[in-house]
$ cat run-v3.tsv   # TSV, C-alpha atoms
chain	number	residue	atom	x	y	z
A	1	MET	CA	1.39	4.70	-18.85
A	2	ASP	CA	0.26	1.37	-20.19
A	3	SER	CA	1.77	-1.06	-17.70
A	4	LEU	CA	1.99	-1.40	-13.97
A	5	ARG	CA	5.75	-1.90	-14.27
A	6	GLU	CA	6.11	1.48	-16.02
A	7	ALA	CA	4.10	3.13	-13.26
A	8	LEU	CA	6.24	1.53	-10.55
A	9	CYS	CA	9.45	2.67	-12.29
A	10	TRP	CA	8.53	6.29	-12.86
A	11	ARG	CA	11.36	7.66	-10.69
A	12	GLY	CA	14.07	5.19	-11.70
A	13	PRO	CA	14.16	2.11	-9.49
A	14	VAL	CA	11.09	-0.06	-9.14
A	15	SER	CA	9.28	1.31	-6.10
A	16	VAL	CA	6.56	-0.55	-4.21
A	17	ASN	CA	4.79	2.00	-2.00
A	18	VAL	CA	2.95	0.54	1.00
A	19	PHE	CA	0.71	2.32	3.50
A	20	VAL	CA	-0.22	0.70	6.81
A	21	LEU	CA	-2.93	2.09	9.07
A	22	GLY	CA	-3.41	0.55	12.50
A	23	ALA	CA	-0.04	-1.04	13.21
A	24	GLY	CA	1.27	1.89	15.26
A	25	TRP	CA	3.87	4.52	14.53
A	26	THR	CA	7.03	2.40	14.81
A	27	PRO	CA	8.23	1.24	11.39
A	28	LEU	CA	9.18	-2.37	10.84
A	29	PRO	CA	12.90	-3.15	10.48
A	30	LYS	CA	14.31	-3.39	6.96
A	31	GLU	CA	14.75	-7.15	7.37
A	32	ALA	CA	10.97	-7.54	7.64
A	33	PHE	CA	10.82	-6.82	3.91
A	34	HIS	CA	13.10	-9.70	2.88
A	35	LEU	CA	10.19	-11.69	1.43
A	36	ALA	CA	9.29	-14.02	-1.44
A	37	GLY	CA	12.99	-14.55	-2.17
A	38	LEU	CA	13.59	-10.82	-2.75
A	39	VAL	CA	15.51	-8.20	-0.80
A	40	PRO	CA	14.85	-4.52	-1.57
A	41	ASP	CA	17.89	-2.41	-2.42
A	42	ALA	CA	16.44	0.37	-0.26
A	43	VAL	CA	13.72	0.50	2.38
A	44	SER	CA	12.47	3.90	3.52
A	45	ALA	CA	9.85	4.26	6.24
A	46	PHE	CA	7.84	7.40	6.85
A	47	PRO	CA	5.48	7.78	9.82
A	48	LEU	CA	3.03	10.21	8.23
A	49	ARG	CA	2.68	13.62	9.83
A	50	GLU	CA	-0.26	15.71	10.96
A	51	PRO	CA	-2.87	12.96	10.77
A	52	PRO	CA	-6.53	13.39	11.69
A	53	PRO	CA	-7.27	12.31	15.31
A	54	ALA	CA	-8.63	8.84	14.45
A	55	VAL	CA	-5.54	8.08	12.35
A	56	ALA	CA	-3.24	9.47	15.05
A	57	ARG	CA	-4.58	6.92	17.56
A	58	LEU	CA	-3.83	4.02	15.20
A	59	GLY	CA	-0.64	5.07	13.46
A	60	LEU	CA	0.01	5.34	9.74
A	61	VAL	CA	3.36	4.44	8.22
A	62	SER	CA	4.34	4.60	4.56
A	63	TYR	CA	7.13	2.43	3.15
A	64	ASP	CA	9.03	2.84	-0.11
A	65	LEU	CA	10.55	-0.50	-1.10
A	66	ASP	CA	12.97	0.06	-3.97
A	67	PHE	CA	14.57	-2.44	-6.35
A	68	GLU	CA	17.27	-1.51	-8.87
A	69	ASP	CA	16.48	-4.56	-11.03
A	70	ASP	CA	13.39	-3.56	-12.99
A	71	SER	CA	12.95	-7.06	-14.44
A	72	LEU	CA	11.83	-8.59	-11.13
A	73	ASP	CA	8.34	-10.01	-10.86
A	74	LEU	CA	6.99	-8.04	-7.92
A	75	HIS	CA	3.43	-9.35	-7.93
A	76	ALA	CA	4.12	-12.17	-5.42
A	77	TYR	CA	6.38	-9.82	-3.46
A	78	THR	CA	3.60	-7.22	-3.15
A	79	ARG	CA	1.21	-9.85	-1.79
A	80	ALA	CA	3.84	-11.02	0.73
A	81	VAL	CA	4.51	-7.43	1.87
A	82	LEU	CA	0.82	-6.73	2.39
A	83	ARG	CA	0.47	-9.92	4.43
A	84	ARG	CA	3.56	-9.05	6.52
A	85	VAL	CA	2.58	-5.49	7.43
A	86	CYS	CA	-0.84	-6.65	8.64
A	87	GLU	CA	0.55	-9.41	10.88
A	88	GLY	CA	-0.02	-9.07	14.58
A	89	ALA	CA	-2.09	-5.91	14.40
A	90	ARG	CA	-5.61	-4.88	13.54
A	91	ALA	CA	-4.63	-3.00	10.42
A	92	VAL	CA	-5.48	-2.13	6.84
A	93	ALA	CA	-2.62	-1.88	4.36
A	94	TRP	CA	-2.50	-0.97	0.69
A	95	THR	CA	-0.04	-0.48	-2.13
A	96	ALA	CA	-0.51	2.55	-4.32
A	97	PHE	CA	1.37	4.67	-6.78
A	98	GLU	CA	3.62	7.43	-5.51
A	99	GLY	CA	1.72	10.67	-5.06
A	100	SER	CA	-1.68	9.04	-4.52
A	101	PHE	CA	-1.78	9.65	-0.78
A	102	HIS	CA	-4.02	12.22	0.88
A	103	TYR	CA	-5.77	11.83	4.25
A	104	ASP	CA	-9.12	12.79	2.69
A	105	GLU	CA	-8.80	10.15	-0.04
A	106	LEU	CA	-7.73	6.96	1.80
A	107	LEU	CA	-9.01	4.10	-0.39
A	108	THR	CA	-11.80	6.22	-1.88
A	109	GLU	CA	-13.24	5.73	-5.35
A	110	GLN	CA	-11.27	8.79	-6.52
A	111	VAL	CA	-7.94	6.99	-5.92
A	112	ALA	CA	-9.02	3.34	-6.42
A	113	HIS	CA	-7.34	3.25	-9.86
A	114	GLN	CA	-4.04	4.17	-8.17
A	115	VAL	CA	-4.27	1.36	-5.59
A	116	TYR	CA	-2.89	-1.97	-6.82
A	117	GLY	CA	-3.22	-4.05	-3.67
A	118	TYR	CA	-4.67	-4.14	-0.18
A	119	CYS	CA	-4.94	-6.36	2.86
A	120	VAL	CA	-7.13	-6.32	5.94
A	121	SER	CA	-5.80	-8.10	9.03
A	122	GLY	CA	-7.16	-11.60	9.17
A	123	GLY	CA	-7.67	-11.74	5.40
A	124	GLU	CA	-5.62	-12.54	2.35
A	125	PRO	CA	-4.00	-9.80	0.28
A	126	VAL	CA	-5.83	-8.75	-2.88
A	127	THR	CA	-3.87	-7.36	-5.82
A	128	ALA	CA	-4.47	-6.25	-9.39
A	129	TRP	CA	-1.46	-6.34	-11.67
A	130	ASP	CA	-2.95	-4.80	-14.79
A	131	ILE	CA	-3.59	-1.11	-15.50
A	132	THR	CA	-6.83	-1.92	-17.35
A	133	ALA	CA	-8.13	-3.87	-14.34
A	134	LEU	CA	-7.25	-0.96	-12.03
A	135	ARG	CA	-9.47	1.32	-14.11
A	136	GLY	CA	-12.44	-1.04	-14.02
A	137	ALA	CA	-15.63	-1.06	-11.95
A	138	ARG	CA	-14.80	-4.46	-10.41
A	139	TRP	CA	-11.55	-3.13	-8.94
A	140	ARG	CA	-13.25	0.03	-7.63
A	141	SER	CA	-15.77	-2.24	-5.91
A	142	ARG	CA	-13.02	-4.32	-4.30
A	143	VAL	CA	-11.18	-1.23	-3.08
A	144	ALA	CA	-14.50	0.02	-1.68
A	145	GLU	CA	-14.61	-3.14	0.47
A	146	ALA	CA	-11.18	-2.24	1.85
A	147	ARG	CA	-12.44	1.31	2.47
A	148	VAL	CA	-15.29	-0.11	4.61
A	149	ALA	CA	-12.73	-2.04	6.68
A	150	LEU	CA	-10.64	1.12	7.03
A	151	GLU	CA	-13.66	3.17	8.14
A	152	THR	CA	-14.59	0.46	10.67
A	153	LEU	CA	-11.06	0.53	12.06
A	154	LEU	CA	-11.08	4.33	12.25
A	155	SER	CA	-14.47	4.50	13.97
A	156	ALA	CA	-13.39	1.84	16.50
A	157	SER	CA	-10.41	4.01	17.42
A	158	LEU	CA	-12.79	6.82	18.39
A	159	GLY	CA	-14.74	4.60	20.83

$ encode --input "run-v3.tsv" --output "structure tokens"
Amino acid sequence: MDSLREALCWRGPVSVNVFVLGAGWTPLPKEAFHLAGLVPDAVSAFPLREPPPAVARLGLVSYDLDFEDDSLDLHAYTRAVLRRVCEGARAVAWTAFEGSFHYDELLTEQVAHQVYGYCVSGGEPVTAWDITALRGARWRSRVAEARVALETLLSASLG
């Protein structure tokens, strides 16, 4: 795939996949995703099962935010979603392509090219909206920064 849009549309509708670690196990209501002037056609929330103990203490929820209109500019929307899911909680959130999730690979270098945005509570969302940028060393370095925040959050949950 040559474009981010193609990657987000692989199963039909445009699907923004968001993972939130640290905001608990209760998904946000669908209305929480009415952002940046856009309303998803479908919102699916999945509290992820069988997590490692540190993740279990914090909660990890995945959201699929689907849009039938594949011409929408979802870059600003993705930033708004990342900001929203990190509000009011000490959390790390990221957007990544479908199928990129595995507990052993959360924000690691092996999956950095599949992550197209992240946010750490208290910070601004960071996104890359270009497949070439996602494959670059600079993006891997930025995702590594998010990984450090995730590891800090996980280790704090053990204390």

$ residues_near_point --input "run-v3.tsv" --point "(0.5, -8.1, -10.6)" --cutoff "12 Å" --atoms "only C-alpha atoms" --output "VMD selection string"
chain A and resid 3 to 5 8 16 72 to 79 95 115 to 117 125 to 134

$ residues_around --input "run-v3.tsv" --residues "Gly99 in chain A" --least-positions-apart "3" --cutoff "10 Å" --atoms "all atoms listed in the file" --output "count of residues only"
4

$ residues_near_point --input "run-v3.tsv" --point "(12.0, -6.0, 3.7)" --cutoff "10 Å" --atoms "only C-alpha atoms" --output "PDB file with C-alpha atoms, in the frame of the given file"
ATOM      1  CA  LEU A  28       9.180  -2.370  10.840  1.00  0.00           C
ATOM      2  CA  PRO A  29      12.900  -3.150  10.480  1.00  0.00           C
ATOM      3  CA  LYS A  30      14.310  -3.390   6.960  1.00  0.00           C
ATOM      4  CA  GLU A  31      14.750  -7.150   7.370  1.00  0.00           C
ATOM      5  CA  ALA A  32      10.970  -7.540   7.640  1.00  0.00           C
ATOM      6  CA  PHE A  33      10.820  -6.820   3.910  1.00  0.00           C
ATOM      7  CA  HIS A  34      13.100  -9.700   2.880  1.00  0.00           C
ATOM      8  CA  LEU A  35      10.190 -11.690   1.430  1.00  0.00           C
ATOM      9  CA  ALA A  36       9.290 -14.020  -1.440  1.00  0.00           C
ATOM     10  CA  LEU A  38      13.590 -10.820  -2.750  1.00  0.00           C
ATOM     11  CA  VAL A  39      15.510  -8.200  -0.800  1.00  0.00           C
ATOM     12  CA  PRO A  40      14.850  -4.520  -1.570  1.00  0.00           C
ATOM     13  CA  ASP A  41      17.890  -2.410  -2.420  1.00  0.00           C
ATOM     14  CA  ALA A  42      16.440   0.370  -0.260  1.00  0.00           C
ATOM     15  CA  VAL A  43      13.720   0.500   2.380  1.00  0.00           C
ATOM     16  CA  SER A  44      12.470   3.900   3.520  1.00  0.00           C
ATOM     17  CA  TYR A  63       7.130   2.430   3.150  1.00  0.00           C
ATOM     18  CA  LEU A  65      10.550  -0.500  -1.100  1.00  0.00           C
ATOM     19  CA  ASP A  66      12.970   0.060  -3.970  1.00  0.00           C
ATOM     20  CA  TYR A  77       6.380  -9.820  -3.460  1.00  0.00           C
ATOM     21  CA  VAL A  81       4.510  -7.430   1.870  1.00  0.00           C
ATOM     22  CA  ARG A  84       3.560  -9.050   6.520  1.00  0.00           C
TER      23      ARG A  84
END

$ closest_residue --input "run-v3.tsv" --among "A:Arg49, A:His113, A:Arg140, A:Arg57" --to "Leu153 in chain A" --atoms "only C-alpha atoms"
A:Arg57

$ closest_residue --input "run-v3.tsv" --among "A:Asp104, A:Asp64, A:Gln110, A:Val55" --to "Ser157 in chain A" --atoms "all atoms listed in the file"
A:Val55

$ atom_distance --input "run-v3.tsv" --atom1 "CA of Pro53 in chain A" --atom2 "CA of Tyr103 in chain A"
11.2 Å

$ closest_residue --input "run-v3.tsv" --among "A:Asp70, A:Ala137, A:Leu58, A:Gly123" --to "Pro13 in chain A" --atoms "all atoms listed in the file"
A:Asp70

$ atom_distance --input "run-v3.tsv" --atom1 "CA of Leu21 in chain A" --atom2 "CA of Leu150 in chain A"
8.0 Å

$ closest_residue --input "run-v3.tsv" --among "A:Gly22, A:Arg83, A:Arg147, A:Cys119" --to "Ala54 in chain A" --atoms "all atoms listed in the file"
A:Gly22

$ atom_distance --input "run-v3.tsv" --atom1 "CA of Phe97 in chain A" --atom2 "CA of Gly12 in chain A"
13.6 Å

$ residues_around --input "run-v3.tsv" --residues "Ala144 in chain A" --least-positions-apart "3" --cutoff "10 Å" --atoms "only C-alpha atoms" --output "ChimeraX atom specification"
/A:107-109,112,138-141,147-150

$ closest_residue --input "run-v3.tsv" --among "A:Pro27, A:Glu145, A:Gly59, A:Arg90" --to "Phe46 in chain A" --atoms "all atoms listed in the file"
A:Pro27

$ decode --input "run-v3.tsv" --residues "range 40-56 of chain A" --atoms "all heavy atoms" --output "PDB file, in the first residue's frame"
ATOM      1  N   PRO A  40     -18.424   9.342  13.579  1.00  0.00           N
ATOM      2  CA  PRO A  40     -18.231   8.019  12.962  1.00  0.00           C
ATOM      3  C   PRO A  40     -19.566   7.338  12.662  1.00  0.00           C
ATOM      4  O   PRO A  40     -20.537   7.503  13.401  1.00  0.00           O
ATOM      5  CB  PRO A  40     -17.467   7.235  14.028  1.00  0.00           C
ATOM      6  CG  PRO A  40     -16.930   8.252  14.970  1.00  0.00           C
ATOM      7  CD  PRO A  40     -17.864   9.420  14.917  1.00  0.00           C
ATOM      8  N   ASP A  41     -19.598   6.565  11.588  1.00  0.00           N
ATOM      9  CA  ASP A  41     -20.791   5.785  11.256  1.00  0.00           C
ATOM     10  C   ASP A  41     -20.939   4.593  12.197  1.00  0.00           C
ATOM     11  O   ASP A  41     -22.045   4.119  12.424  1.00  0.00           O
ATOM     12  CB  ASP A  41     -20.717   5.300   9.806  1.00  0.00           C
ATOM     13  CG  ASP A  41     -20.791   6.474   8.838  1.00  0.00           C
ATOM     14  OD1 ASP A  41     -21.792   7.220   8.896  1.00  0.00           O
ATOM     15  OD2 ASP A  41     -19.847   6.659   8.057  1.00  0.00           O
ATOM     16  N   ALA A  42     -19.823   4.123  12.727  1.00  0.00           N
ATOM     17  CA  ALA A  42     -19.849   3.014  13.691  1.00  0.00           C
ATOM     18  C   ALA A  42     -18.696   3.190  14.672  1.00  0.00           C
ATOM     19  O   ALA A  42     -17.595   3.575  14.275  1.00  0.00           O
ATOM     20  CB  ALA A  42     -19.723   1.673  12.972  1.00  0.00           C
ATOM     21  N   VAL A  43     -18.980   2.925  15.939  1.00  0.00           N
ATOM     22  CA  VAL A  43     -17.970   2.935  16.990  1.00  0.00           C
ATOM     23  C   VAL A  43     -18.056   1.586  17.693  1.00  0.00           C
ATOM     24  O   VAL A  43     -19.106   1.220  18.215  1.00  0.00           O
ATOM     25  CB  VAL A  43     -18.212   4.069  18.014  1.00  0.00           C
ATOM     26  CG1 VAL A  43     -17.224   3.975  19.169  1.00  0.00           C
ATOM     27  CG2 VAL A  43     -18.147   5.431  17.349  1.00  0.00           C
ATOM     28  N   SER A  44     -16.957   0.853  17.680  1.00  0.00           N
ATOM     29  CA  SER A  44     -16.897  -0.430  18.377  1.00  0.00           C
ATOM     30  C   SER A  44     -15.794  -0.336  19.421  1.00  0.00           C
ATOM     31  O   SER A  44     -14.696   0.135  19.129  1.00  0.00           O
ATOM     32  CB  SER A  44     -16.583  -1.566  17.410  1.00  0.00           C
ATOM     33  OG  SER A  44     -17.551  -1.636  16.387  1.00  0.00           O
ATOM     34  N   ALA A  45     -16.106  -0.769  20.628  1.00  0.00           N
ATOM     35  CA  ALA A  45     -15.125  -0.747  21.714  1.00  0.00           C
ATOM     36  C   ALA A  45     -14.862  -2.175  22.168  1.00  0.00           C
ATOM     37  O   ALA A  45     -15.794  -2.979  22.286  1.00  0.00           O
ATOM     38  CB  ALA A  45     -15.641   0.088  22.874  1.00  0.00           C
ATOM     39  N   PHE A  46     -13.587  -2.465  22.419  1.00  0.00           N
ATOM     40  CA  PHE A  46     -13.192  -3.802  22.814  1.00  0.00           C
ATOM     41  C   PHE A  46     -12.228  -3.740  23.996  1.00  0.00           C
ATOM     42  O   PHE A  46     -11.041  -3.452  23.798  1.00  0.00           O
ATOM     43  CB  PHE A  46     -12.480  -4.525  21.658  1.00  0.00           C
ATOM     44  CG  PHE A  46     -13.241  -4.511  20.374  1.00  0.00           C
ATOM     45  CD1 PHE A  46     -12.961  -3.556  19.403  1.00  0.00           C
ATOM     46  CD2 PHE A  46     -14.232  -5.435  20.124  1.00  0.00           C
ATOM     47  CE1 PHE A  46     -13.648  -3.527  18.202  1.00  0.00           C
ATOM     48  CE2 PHE A  46     -14.934  -5.423  18.932  1.00  0.00           C
ATOM     49  CZ  PHE A  46     -14.640  -4.467  17.966  1.00  0.00           C
ATOM     50  N   PRO A  47     -12.703  -3.975  25.225  1.00  0.00           N
ATOM     51  CA  PRO A  47     -11.744  -4.157  26.318  1.00  0.00           C
ATOM     52  C   PRO A  47     -10.945  -5.421  25.996  1.00  0.00           C
ATOM     53  O   PRO A  47     -11.522  -6.479  25.742  1.00  0.00           O
ATOM     54  CB  PRO A  47     -12.632  -4.336  27.548  1.00  0.00           C
ATOM     55  CG  PRO A  47     -13.952  -3.707  27.156  1.00  0.00           C
ATOM     56  CD  PRO A  47     -14.081  -3.992  25.675  1.00  0.00           C
ATOM     57  N   LEU A  48      -9.628  -5.298  25.925  1.00  0.00           N
ATOM     58  CA  LEU A  48      -8.814  -6.414  25.447  1.00  0.00           C
ATOM     59  C   LEU A  48      -8.619  -7.475  26.518  1.00  0.00           C
ATOM     60  O   LEU A  48      -8.390  -7.175  27.683  1.00  0.00           O
ATOM     61  CB  LEU A  48      -7.496  -5.891  24.910  1.00  0.00           C
ATOM     62  CG  LEU A  48      -7.711  -4.975  23.698  1.00  0.00           C
ATOM     63  CD1 LEU A  48      -6.408  -4.347  23.248  1.00  0.00           C
ATOM     64  CD2 LEU A  48      -8.347  -5.719  22.552  1.00  0.00           C
ATOM     65  N   ARG A  49      -8.709  -8.704  26.109  1.00  0.00           N
ATOM     66  CA  ARG A  49      -8.735  -9.848  27.026  1.00  0.00           C
ATOM     67  C   ARG A  49      -7.355 -10.402  27.329  1.00  0.00           C
ATOM     68  O   ARG A  49      -6.425 -10.234  26.564  1.00  0.00           O
ATOM     69  CB  ARG A  49      -9.594 -10.945  26.415  1.00  0.00           C
ATOM     70  CG  ARG A  49     -11.007 -10.485  26.218  1.00  0.00           C
ATOM     71  CD  ARG A  49     -11.801 -11.539  25.517  1.00  0.00           C
ATOM     72  NE  ARG A  49     -13.133 -11.003  25.297  1.00  0.00           N
ATOM     73  CZ  ARG A  49     -14.219 -11.679  25.471  1.00  0.00           C
ATOM     74  NH1 ARG A  49     -14.167 -12.932  25.837  1.00  0.00           N
ATOM     75  NH2 ARG A  49     -15.383 -11.128  25.257  1.00  0.00           N
ATOM     76  N   GLU A  50      -7.305 -11.095  28.454  1.00  0.00           N
ATOM     77  CA  GLU A  50      -6.121 -11.824  28.900  1.00  0.00           C
ATOM     78  C   GLU A  50      -4.846 -10.983  28.880  1.00  0.00           C
ATOM     79  O   GLU A  50      -3.822 -11.405  28.334  1.00  0.00           O
ATOM     80  CB  GLU A  50      -5.955 -13.097  28.067  1.00  0.00           C
ATOM     81  CG  GLU A  50      -7.160 -14.014  28.178  1.00  0.00           C
ATOM     82  CD  GLU A  50      -7.028 -15.262  27.331  1.00  0.00           C
ATOM     83  OE1 GLU A  50      -5.895 -15.655  27.013  1.00  0.00           O
ATOM     84  OE2 GLU A  50      -8.074 -15.833  26.994  1.00  0.00           O
ATOM     85  N   PRO A  51      -4.908  -9.796  29.490  1.00  0.00           N
ATOM     86  CA  PRO A  51      -3.712  -8.948  29.495  1.00  0.00           C
ATOM     87  C   PRO A  51      -2.692  -9.402  30.523  1.00  0.00           C
ATOM     88  O   PRO A  51      -3.031 -10.080  31.499  1.00  0.00           O
ATOM     89  CB  PRO A  51      -4.269  -7.585  29.888  1.00  0.00           C
ATOM     90  CG  PRO A  51      -5.411  -7.930  30.791  1.00  0.00           C
ATOM     91  CD  PRO A  51      -6.026  -9.177  30.177  1.00  0.00           C
ATOM     92  N   PRO A  52      -1.440  -9.007  30.343  1.00  0.00           N
ATOM     93  CA  PRO A  52      -0.439  -9.228  31.388  1.00  0.00           C
ATOM     94  C   PRO A  52      -0.861  -8.461  32.654  1.00  0.00           C
ATOM     95  O   PRO A  52      -1.629  -7.499  32.575  1.00  0.00           O
ATOM     96  CB  PRO A  52       0.843  -8.625  30.791  1.00  0.00           C
ATOM     97  CG  PRO A  52       0.582  -8.478  29.337  1.00  0.00           C
ATOM     98  CD  PRO A  52      -0.890  -8.361  29.157  1.00  0.00           C
ATOM     99  N   PRO A  53      -0.365  -8.847  33.831  1.00  0.00           N
ATOM    100  CA  PRO A  53      -0.800  -8.229  35.086  1.00  0.00           C
ATOM    101  C   PRO A  53      -0.686  -6.698  35.128  1.00  0.00           C
ATOM    102  O   PRO A  53      -1.610  -6.029  35.596  1.00  0.00           O
ATOM    103  CB  PRO A  53       0.102  -8.877  36.138  1.00  0.00           C
ATOM    104  CG  PRO A  53       0.448 -10.209  35.548  1.00  0.00           C
ATOM    105  CD  PRO A  53       0.553  -9.973  34.075  1.00  0.00           C
ATOM    106  N   ALA A  54       0.408  -6.125  34.648  1.00  0.00           N
ATOM    107  CA  ALA A  54       0.559  -4.667  34.703  1.00  0.00           C
ATOM    108  C   ALA A  54      -0.503  -3.974  33.854  1.00  0.00           C
ATOM    109  O   ALA A  54      -1.043  -2.937  34.240  1.00  0.00           O
ATOM    110  CB  ALA A  54       1.960  -4.249  34.243  1.00  0.00           C
ATOM    111  N   VAL A  55      -0.832  -4.552  32.705  1.00  0.00           N
ATOM    112  CA  VAL A  55      -1.869  -3.992  31.835  1.00  0.00           C
ATOM    113  C   VAL A  55      -3.238  -4.167  32.489  1.00  0.00           C
ATOM    114  O   VAL A  55      -4.070  -3.258  32.463  1.00  0.00           O
ATOM    115  CB  VAL A  55      -1.830  -4.652  30.441  1.00  0.00           C
ATOM    116  CG1 VAL A  55      -3.021  -4.220  29.600  1.00  0.00           C
ATOM    117  CG2 VAL A  55      -0.522  -4.333  29.739  1.00  0.00           C
ATOM    118  N   ALA A  56      -3.458  -5.312  33.119  1.00  0.00           N
ATOM    119  CA  ALA A  56      -4.746  -5.577  33.759  1.00  0.00           C
ATOM    120  C   ALA A  56      -5.070  -4.532  34.821  1.00  0.00           C
ATOM    121  O   ALA A  56      -6.229  -4.135  34.979  1.00  0.00           O
ATOM    122  CB  ALA A  56      -4.756  -6.982  34.376  1.00  0.00           C
TER     123      ALA A  56
END
